[in-house]
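Asks: One file is attached below, entry_12.pdb, containing PDB, C-alpha atoms.
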```
MODEL        1
ATOM      1  CA  MET P1489     -31.952 -34.755  -1.721
ATOM      2  CA  THR P1490     -32.618 -36.385  -5.090
ATOM      3  CA  THR P1491     -30.025 -38.053  -7.304
ATOM      4  CA  ALA P1492     -30.271 -35.040  -9.621
ATOM      5  CA  ASP P1493     -29.315 -32.755  -6.724
ATOM      6  CA  ARG P1494     -26.181 -34.864  -6.159
ATOM      7  CA  THR P1495     -25.189 -34.862  -9.844
ATOM      8  CA  PRO P1496     -22.150 -32.629 -10.538
ATOM      9  CA  PRO P1497     -22.809 -29.661 -12.857
ATOM     10  CA  LEU P1498     -22.978 -30.743 -16.488
ATOM     11  CA  ARG P1499     -21.090 -28.772 -19.119
ATOM     12  CA  ASP P1500     -23.367 -27.511 -21.874
ATOM     13  CA  PRO P1501     -22.985 -28.619 -24.610
ATOM     14  CA  SER P1502     -21.336 -31.980 -23.958
ATOM     15  CA  PHE P1503     -21.993 -35.646 -24.642
ATOM     16  CA  ARG P1504     -22.064 -36.288 -20.895
ATOM     17  CA  ARG P1505     -24.843 -33.753 -20.370
ATOM     18  CA  SER P1506     -26.913 -35.022 -23.306
ATOM     19  CA  ALA P1507     -26.517 -38.635 -22.146
ATOM     20  CA  ALA P1508     -27.541 -37.743 -18.579
ATOM     21  CA  LEU P1509     -30.656 -35.907 -19.775
ATOM     22  CA  LEU P1510     -31.565 -38.756 -22.144
ATOM     23  CA  ARG P1511     -31.200 -41.369 -19.385
ATOM     24  CA  ALA P1512     -33.383 -39.293 -17.086
ATOM     25  CA  PHE P1513     -35.966 -38.828 -19.810
ATOM     26  CA  LEU P1514     -36.132 -42.562 -20.555
ATOM     27  CA  HIS P1515     -36.975 -43.189 -16.889
ATOM     28  CA  GLU P1516     -39.327 -40.223 -16.558
ATOM     29  CA  GLN P1517     -42.391 -42.385 -15.872
ATOM     30  CA  GLU P1518     -40.898 -44.242 -12.918
ATOM     31  CA  ASP P1519     -38.718 -41.410 -11.580
ATOM     32  CA  PRO P1520     -40.169 -38.025 -12.606
ATOM     33  CA  GLU P1521     -38.547 -36.308  -9.617
ATOM     34  CA  HIS P1522     -35.050 -37.073 -10.878
ATOM     35  CA  CYS P1523     -35.906 -36.301 -14.512
ATOM     36  CA  TYR P1524     -37.453 -32.893 -13.949
ATOM     37  CA  THR P1525     -35.098 -31.836 -11.175
ATOM     38  CA  LEU P1526     -32.166 -32.476 -13.507
ATOM     39  CA  LEU P1527     -33.908 -30.651 -16.373
ATOM     40  CA  ALA P1528     -34.665 -27.701 -14.091
ATOM     41  CA  ARG P1529     -31.028 -27.469 -13.003
ATOM     42  CA  ASP P1530     -29.944 -27.548 -16.634
ATOM     43  CA  ALA P1531     -32.414 -24.828 -17.655
ATOM     44  CA  ALA P1532     -31.423 -22.594 -14.733
ATOM     45  CA  ASP P1533     -27.775 -22.985 -15.752
ATOM     46  CA  GLN P1534     -28.694 -21.839 -19.260
ATOM     47  CA  VAL P1535     -30.517 -18.774 -17.931
ATOM     48  CA  GLN P1536     -27.708 -17.944 -15.525
ATOM     49  CA  ARG P1537     -25.217 -17.643 -18.375
ATOM     50  CA  HIS P1538     -27.095 -14.539 -19.475
ATOM     51  CA  VAL P1539     -28.309 -13.007 -16.218
ATOM     52  CA  PRO P1540     -27.455 -13.508 -12.522
ATOM     53  CA  LEU P1541     -30.482 -15.002 -10.772
ATOM     54  CA  LYS P1542     -29.963 -13.905  -7.195
ATOM     55  CA  GLY P1543     -32.443 -11.166  -6.328
ATOM     56  CA  ARG P1544     -34.048 -11.203  -9.771
ATOM     57  CA  VAL P1545     -37.760 -11.621 -10.467
ATOM     58  CA  VAL P1546     -38.445 -14.783 -12.491
ATOM     59  CA  VAL P1547     -41.859 -15.631 -13.932
ATOM     60  CA  ASP P1548     -42.396 -19.293 -14.796
ATOM     61  CA  VAL P1549     -45.272 -19.667 -17.267
ATOM     62  CA  GLY P1550     -46.797 -23.140 -17.473
ATOM     63  CA  GLY P1551     -44.377 -24.616 -14.935
ATOM     64  CA  GLY P1552     -46.700 -27.399 -13.753
ATOM     65  CA  PRO P1553     -45.752 -28.868 -10.370
ATOM     66  CA  GLY P1554     -42.960 -26.352  -9.825
ATOM     67  CA  TYR P1555     -39.656 -28.076 -10.539
ATOM     68  CA  PHE P1556     -38.291 -25.037 -12.371
ATOM     69  CA  ALA P1557     -39.688 -22.539  -9.851
ATOM     70  CA  ARG P1558     -38.084 -24.489  -7.026
ATOM     71  CA  GLU P1559     -34.689 -24.419  -8.749
ATOM     72  CA  PHE P1560     -34.867 -20.678  -9.464
ATOM     73  CA  ARG P1561     -35.770 -20.028  -5.829
ATOM     74  CA  ARG P1562     -32.882 -22.221  -4.690
ATOM     75  CA  ARG P1563     -30.595 -19.863  -6.612
ATOM     76  CA  GLY P1564     -31.996 -16.787  -4.898
ATOM     77  CA  ALA P1565     -34.534 -15.586  -7.463
ATOM     78  CA  GLU P1566     -37.934 -14.226  -6.470
ATOM     79  CA  THR P1567     -40.016 -16.654  -8.523
ATOM     80  CA  TYR P1568     -43.698 -16.708  -9.454
ATOM     81  CA  LEU P1569     -45.372 -19.699 -11.067
ATOM     82  CA  PHE P1570     -48.416 -19.379 -13.345
ATOM     83  CA  GLU P1571     -50.156 -22.553 -14.516
ATOM     84  CA  PRO P1572     -53.530 -22.722 -16.320
ATOM     85  CA  ASP P1573     -54.342 -26.306 -15.256
ATOM     86  CA  SER P1574     -54.771 -26.770 -11.505
ATOM     87  CA  HIS P1575     -54.282 -30.542 -11.899
ATOM     88  CA  GLU P1576     -50.774 -29.969 -13.276
ATOM     89  CA  LEU P1577     -49.766 -28.264 -10.010
ATOM     90  CA  THR P1578     -50.036 -31.579  -8.147
ATOM     91  CA  LEU P1579     -48.617 -33.772 -10.908
ATOM     92  CA  HIS P1580     -46.447 -36.739  -9.853
ATOM     93  CA  GLY P1581     -48.055 -36.652  -6.414
ATOM     94  CA  ARG P1582     -46.360 -33.380  -5.479
ATOM     95  CA  LYS P1583     -47.858 -30.741  -3.248
ATOM     96  CA  ALA P1584     -48.945 -27.613  -5.124
ATOM     97  CA  PRO P1585     -46.003 -25.170  -5.153
ATOM     98  CA  GLU P1586     -46.168 -22.330  -2.665
ATOM     99  CA  GLY P1587     -47.488 -19.140  -4.211
ATOM    100  CA  ALA P1588     -48.551 -20.797  -7.474
ATOM    101  CA  VAL P1589     -51.309 -19.004  -9.372
ATOM    102  CA  VAL P1590     -53.827 -20.630 -11.689
ATOM    103  CA  ALA P1591     -53.682 -18.285 -14.670
ATOM    104  CA  ASP P1592     -53.755 -18.414 -18.452
ATOM    105  CA  GLY P1593     -50.492 -17.683 -20.246
ATOM    106  CA  TYR P1594     -52.423 -15.597 -22.765
ATOM    107  CA  LEU P1595     -53.355 -13.090 -20.044
ATOM    108  CA  LEU P1596     -51.004 -13.090 -17.074
ATOM    109  CA  PRO P1597     -52.098 -11.127 -13.979
ATOM    110  CA  LEU P1598     -48.912  -9.053 -14.017
ATOM    111  CA  ALA P1599     -48.015  -5.479 -14.804
ATOM    112  CA  GLU P1600     -45.997  -4.736 -17.911
ATOM    113  CA  GLY P1601     -42.281  -5.158 -17.301
ATOM    114  CA  ALA P1602     -42.717  -6.938 -13.956
ATOM    115  CA  ALA P1603     -40.159  -9.693 -14.600
ATOM    116  CA  ASP P1604     -36.418  -9.725 -15.080
ATOM    117  CA  VAL P1605     -36.740 -13.197 -16.609
ATOM    118  CA  CYS P1606     -39.826 -14.739 -18.196
ATOM    119  CA  PHE P1607     -39.408 -18.488 -18.509
ATOM    120  CA  SER P1608     -41.390 -21.194 -20.317
ATOM    121  CA  SER P1609     -40.148 -24.736 -20.855
ATOM    122  CA  ASN P1610     -41.908 -27.088 -23.281
ATOM    123  CA  VAL P1611     -45.214 -25.216 -23.249
ATOM    124  CA  LEU P1612     -45.420 -23.542 -26.654
ATOM    125  CA  GLU P1613     -46.488 -26.736 -28.460
ATOM    126  CA  HIS P1614     -49.451 -26.983 -26.089
ATOM    127  CA  VAL P1615     -51.014 -23.596 -26.905
ATOM    128  CA  ALA P1616     -53.256 -22.897 -29.885
ATOM    129  CA  ASP P1617     -51.879 -19.387 -30.456
ATOM    130  CA  PRO P1618     -48.117 -19.320 -29.781
ATOM    131  CA  GLN P1619     -47.784 -15.773 -31.111
ATOM    132  CA  THR P1620     -50.158 -14.368 -28.499
ATOM    133  CA  PHE P1621     -48.549 -16.497 -25.795
ATOM    134  CA  LEU P1622     -45.096 -15.178 -26.711
ATOM    135  CA  SER P1623     -46.381 -11.590 -26.864
ATOM    136  CA  GLU P1624     -47.642 -11.915 -23.309
ATOM    137  CA  MET P1625     -44.247 -13.195 -22.185
ATOM    138  CA  VAL P1626     -42.644 -10.164 -23.825
ATOM    139  CA  ARG P1627     -45.161  -7.785 -22.220
ATOM    140  CA  VAL P1628     -44.413  -8.883 -18.650
ATOM    141  CA  THR P1629     -40.628  -8.755 -19.186
ATOM    142  CA  ARG P1630     -38.867  -5.502 -18.390
ATOM    143  CA  PRO P1631     -36.917  -3.740 -21.176
ATOM    144  CA  GLY P1632     -33.515  -5.400 -21.289
ATOM    145  CA  GLY P1633     -34.908  -8.470 -19.529
ATOM    146  CA  LEU P1634     -34.542 -12.062 -20.688
ATOM    147  CA  ILE P1635     -37.119 -14.409 -22.206
ATOM    148  CA  TYR P1636     -36.459 -18.164 -22.220
ATOM    149  CA  VAL P1637     -38.810 -20.272 -24.319
ATOM    150  CA  SER P1638     -38.353 -23.834 -25.541
ATOM    151  CA  PHE P1639     -40.648 -26.219 -27.358
ATOM    152  CA  THR P1640     -40.714 -29.617 -29.054
ATOM    153  CA  ASN P1641     -41.331 -29.054 -32.752
ATOM    154  CA  TRP P1642     -43.857 -31.262 -34.532
ATOM    155  CA  PHE P1643     -41.508 -33.075 -36.924
ATOM    156  CA  SER P1644     -38.950 -33.916 -34.244
ATOM    157  CA  PRO P1645     -38.792 -37.591 -33.190
ATOM    158  CA  TRP P1646     -40.732 -36.627 -30.038
ATOM    159  CA  GLY P1647     -43.228 -34.347 -31.790
ATOM    160  CA  GLY P1648     -46.205 -36.571 -30.965
ATOM    161  CA  HIS P1649     -45.108 -36.837 -27.334
ATOM    162  CA  GLU P1650     -46.208 -40.130 -25.771
ATOM    163  CA  TRP P1651     -47.373 -41.505 -29.141
ATOM    164  CA  ALA P1652     -44.189 -40.552 -31.001
ATOM    165  CA  PRO P1653     -42.743 -41.515 -33.428
ATOM    166  CA  TRP P1654     -46.073 -42.635 -34.861
ATOM    167  CA  HIS P1655     -47.124 -39.005 -35.363
ATOM    168  CA  TYR P1656     -45.176 -39.266 -38.632
ATOM    169  CA  LEU P1657     -48.090 -41.391 -39.870
ATOM    170  CA  GLY P1658     -50.486 -38.543 -39.089
ATOM    171  CA  ALA P1659     -51.941 -37.320 -35.825
ATOM    172  CA  ASP P1660     -55.053 -39.496 -35.782
ATOM    173  CA  ARG P1661     -53.320 -42.685 -36.906
ATOM    174  CA  GLY P1662     -50.434 -42.180 -34.499
ATOM    175  CA  ARG P1663     -52.733 -41.613 -31.541
ATOM    176  CA  ARG P1664     -54.893 -44.628 -32.371
ATOM    177  CA  ARG P1665     -51.845 -46.840 -32.743
ATOM    178  CA  TYR P1666     -50.577 -45.794 -29.309
ATOM    179  CA  GLU P1667     -53.924 -46.563 -27.692
ATOM    180  CA  ARG P1668     -54.130 -49.937 -29.460
ATOM    181  CA  ARG P1669     -50.640 -50.973 -28.378
ATOM    182  CA  THR P1670     -50.801 -49.748 -24.773
ATOM    183  CA  GLY P1671     -54.481 -50.030 -23.911
ATOM    184  CA  ARG P1672     -54.255 -46.531 -22.427
ATOM    185  CA  THR P1673     -55.945 -43.324 -23.480
ATOM    186  CA  ALA P1674     -53.406 -40.906 -24.925
ATOM    187  CA  LYS P1675     -52.837 -37.789 -22.857
ATOM    188  CA  HIS P1676     -52.382 -35.557 -25.890
ATOM    189  CA  THR P1677     -54.795 -34.864 -28.731
ATOM    190  CA  VAL P1678     -53.842 -32.627 -31.644
ATOM    191  CA  GLY P1679     -56.075 -29.571 -31.754
ATOM    192  CA  GLU P1680     -56.942 -29.830 -28.058
ATOM    193  CA  ASN P1681     -53.751 -29.849 -25.984
ATOM    194  CA  LEU P1682     -51.058 -30.439 -28.606
ATOM    195  CA  PHE P1683     -50.484 -28.268 -31.671
ATOM    196  CA  PRO P1684     -48.023 -28.742 -34.538
ATOM    197  CA  ILE P1685     -45.349 -26.050 -34.316
ATOM    198  CA  HIS P1686     -42.349 -25.662 -36.584
ATOM    199  CA  VAL P1687     -38.807 -24.346 -36.194
ATOM    200  CA  GLY P1688     -38.605 -22.296 -39.406
ATOM    201  CA  THR P1689     -41.973 -20.585 -38.952
ATOM    202  CA  THR P1690     -41.239 -19.732 -35.328
ATOM    203  CA  LEU P1691     -37.792 -18.315 -36.100
ATOM    204  CA  ARG P1692     -39.162 -16.125 -38.896
ATOM    205  CA  ARG P1693     -41.911 -14.750 -36.667
ATOM    206  CA  VAL P1694     -39.577 -14.067 -33.769
ATOM    207  CA  ARG P1695     -36.952 -12.367 -35.931
ATOM    208  CA  ALA P1696     -39.607 -10.178 -37.546
ATOM    209  CA  ARG P1697     -40.573  -8.656 -34.192
ATOM    210  CA  GLU P1698     -39.180  -5.255 -33.258
ATOM    211  CA  ASP P1699     -39.723  -5.606 -29.498
ATOM    212  CA  ILE P1700     -37.270  -8.478 -28.967
ATOM    213  CA  ARG P1701     -33.772  -9.475 -30.039
ATOM    214  CA  VAL P1702     -32.706 -13.093 -30.550
ATOM    215  CA  VAL P1703     -29.713 -13.791 -28.291
ATOM    216  CA  SER P1704     -29.579 -17.504 -29.077
ATOM    217  CA  ALA P1705     -31.518 -20.034 -31.137
ATOM    218  CA  ARG P1706     -30.287 -23.563 -30.505
ATOM    219  CA  ALA P1707     -31.128 -27.232 -30.282
ATOM    220  CA  ARG P1708     -31.700 -27.506 -26.549
ATOM    221  CA  TYR P1709     -30.216 -30.971 -26.001
ATOM    222  CA  TRP P1710     -27.542 -31.269 -28.705
ATOM    223  CA  PRO P1711     -24.107 -32.366 -27.420
ATOM    224  CA  VAL P1712     -22.108 -30.369 -30.009
ATOM    225  CA  LEU P1713     -22.680 -27.282 -32.164
ATOM    226  CA  PRO P1714     -26.210 -26.686 -30.800
ATOM    227  CA  THR P1715     -26.753 -23.548 -32.923
ATOM    228  CA  LEU P1716     -26.104 -25.421 -36.185
ATOM    229  CA  ALA P1717     -29.323 -27.455 -36.509
ATOM    230  CA  PRO P1718     -31.800 -24.517 -36.460
ATOM    231  CA  ARG P1719     -29.913 -22.896 -39.361
ATOM    232  CA  ILE P1720     -30.509 -25.696 -41.861
ATOM    233  CA  PRO P1721     -33.877 -25.375 -43.644
ATOM    234  CA  VAL P1722     -36.041 -28.522 -43.811
ATOM    235  CA  LEU P1723     -33.509 -30.686 -41.930
ATOM    236  CA  ARG P1724     -33.930 -28.527 -38.807
ATOM    237  CA  GLU P1725     -37.551 -29.594 -38.504
ATOM    238  CA  VAL P1726     -36.401 -33.129 -37.678
ATOM    239  CA  VAL P1727     -32.971 -32.879 -36.073
ATOM    240  CA  THR P1728     -33.455 -29.867 -33.798
ATOM    241  CA  TRP P1729     -35.719 -32.014 -31.609
ATOM    242  CA  ASN P1730     -36.353 -29.169 -29.147
ATOM    243  CA  LEU P1731     -35.787 -25.522 -30.043
ATOM    244  CA  LEU P1732     -34.546 -23.186 -27.332
ATOM    245  CA  LEU P1733     -34.849 -19.439 -27.847
ATOM    246  CA  ILE P1734     -33.085 -16.957 -25.594
ATOM    247  CA  LEU P1735     -34.578 -13.532 -26.306
ATOM    248  CA  ARG P1736     -33.996 -10.087 -24.867
ATOM    249  CA  ARG P1737     -36.695  -7.441 -24.745
ATOM    250  CA  CYS P1738     -35.623  -4.314 -26.555
ATOM    251  CA  PRO P1739     -35.468  -1.009 -24.640
TER     252      PRO P1739
ENDMDL
END
```
Would you mind writing the file's structure down as structure tokens?
Replies:
Amino acid sequence: MTTADRTPPLRDPSFRRSAALLRAFLHEQEDPEHCYTLLARDAADQVQRHVPLKGRVVVDVGGGPGYFAREFRRRGAETYLFEPDSHELTLHGRKAPEGAVVADGYLLPLAEGAADVCFSSNVLEHVADPQTFLSEMVRVTRPGGLIYVSFTNWFSPWGGHEWAPWHYLGADRGRRRYERRTGRTAKHTVGENLFPIHVGTTLRRVRAREDIRVVSARARYWPVLPTLAPRIPVLREVVTWNLLLILRRCP
């Protein structure tokens, strides 16, 4: 049992929850098990507010080494993990999750409407065509089913990922500065595996669709008033940090 497993449930939103997630994130490199187990518990709690998980079919798109899939299964969901990069399945020295499938999120090997819940955490900023990716998530979700998608927007303080906040200087300069300071090759390169994505643009595109309804649009980690930040033009691009969309597929 990890320390995250022993942590009492965290009320969302609350300062205690945000502080616990921040502490885990700051120690992600040395203790990824705790960080991602806690994040998976938090995400499953968010999903479970909208749909009971026991006996439901959950599709985890881009779930890497399976922290989220493991948590959904622990709660009784029939969970399937699809990950395009086989190396991600064994990240952090973990064994590849049971039943994981190497598959592209643009073209999932699933029938239309196969899932009760289609889930994707912090993947959208890593795909070149988020619209097509989201459309595929909608396709595999049954009418009335739930879609959970979150992403780190480009102008958030963590938009450049490991080389943030120097991405504010520009992608190339920020990446070079990281490599100069650390002596390590950056994991992320804009245009290859990291793509600038914005809160306002994404919200407009999602709300324009007729096949989904927005249940919630919120700052994923905010301790208070999490739905406020995404409503404020311009400012939302910085302060939202990570946008969480809870969507429901229309009948």
Asks: If we count only C-alpha atoms, what is near Leu1596 of chain P at a cut-off of 12 Å, once residues fewer than 3 positions away on the same chain are taken out, given as a VMD selection string?
Replies: chain P and resid 1547 to 1550 1568 to 1572 1589 to 1593 1599 to 1603 1606 1620 to 1629
Asks: Atom CA of Gly1662 of chain P and atom CA of His1575 of chain P are how many Å apart?
Replies: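 Going from atom CA of Gly1662 of chain P over to atom CA of His1575 of chain P, I get 25.7 Å.
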Asks: Between atom CA of Arg1737 of chain P and atom CA of Tyr1524 of chain P, what distance in Å does the model show, to one decimal?
Replies: 27.7 Å
Asks: What would the selection look like, as a PyMOL selection string, if the PyMOL selection byres ((chain P and resi 1676) around 12) were run on the coordinates I just shared?
Replies: chain P and resi 1613-1614+1647-1652+1655+1659-1660+1662-1664+1666-1667+1672-1675+1677-1684
Asks: I need the residue nearest Phe1556 of chain P from this list: P:Pro1585, P:Pro1721, P:Pro1739, P:Gly1543. Use all atoms listed in the file for the distance.
Replies: P:Pro1585
Asks: Run the PyMOL selection byres ((chain P and resi 1500) around 12) mentally over the shown coordinates, then write out the matched residues as a PyMOL selection string, using the chain letters and numbers from the document.
Replies: chain P and resi 1497-1499+1501-1509+1529-1535+1537+1706-1714
Asks: Show me, as a list in words, the residues that have an atom within 10 Å of Asn1610 of chain P when counting only C-alpha atoms, minus same-chain residues fewer than 6 positions from it.
Replies: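 The residues that qualify are Gly1550, Gly1551, Val1637, Ser1638, Phe1639, Thr1640, Asn1641, Asn1730, Leu1731 and Leu1732 of chain P.
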Asks: To one decimal in Å, tell me the separation between atom CA of Arg1719 of chain P and atom CA of Thr1689 of chain P.
Replies: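 These atoms are spaced 12.3 Å apart.
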Asks: Which residue, P:Phe1607, P:Arg1562, P:Gly1552, P:His1686, has the smallest gap to Leu1634 of chain P when you use all atoms listed in the file?
Replies: P:Phe1607
Asks: Applied to the shown file, which residues does the PyMOL selection byres ((chain P and resi 1736) around 9) return, written as a ChimeraX atom specification?
Replies: /P:1626,1629,1631-1636,1699-1703,1734-1735,1737-1738
Asks: With all atoms listed in the file as the atoms that count, which of P:Ala1696, P:Ala1557, P:Ala1717, P:Leu1526 lies nearest to Val1605 of chain P?
Replies: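 Nearest to Val1605 of chain P: P:Ala1557.
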Asks: For Ala1705 of chain P, which residue among P:Val1615, P:Leu1733, P:Val1545, P:Cys1523 is the nearest when counting all atoms listed in the file?
Replies: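 Selected residue with least distance to Ala1705 of chain P: P:Leu1733.
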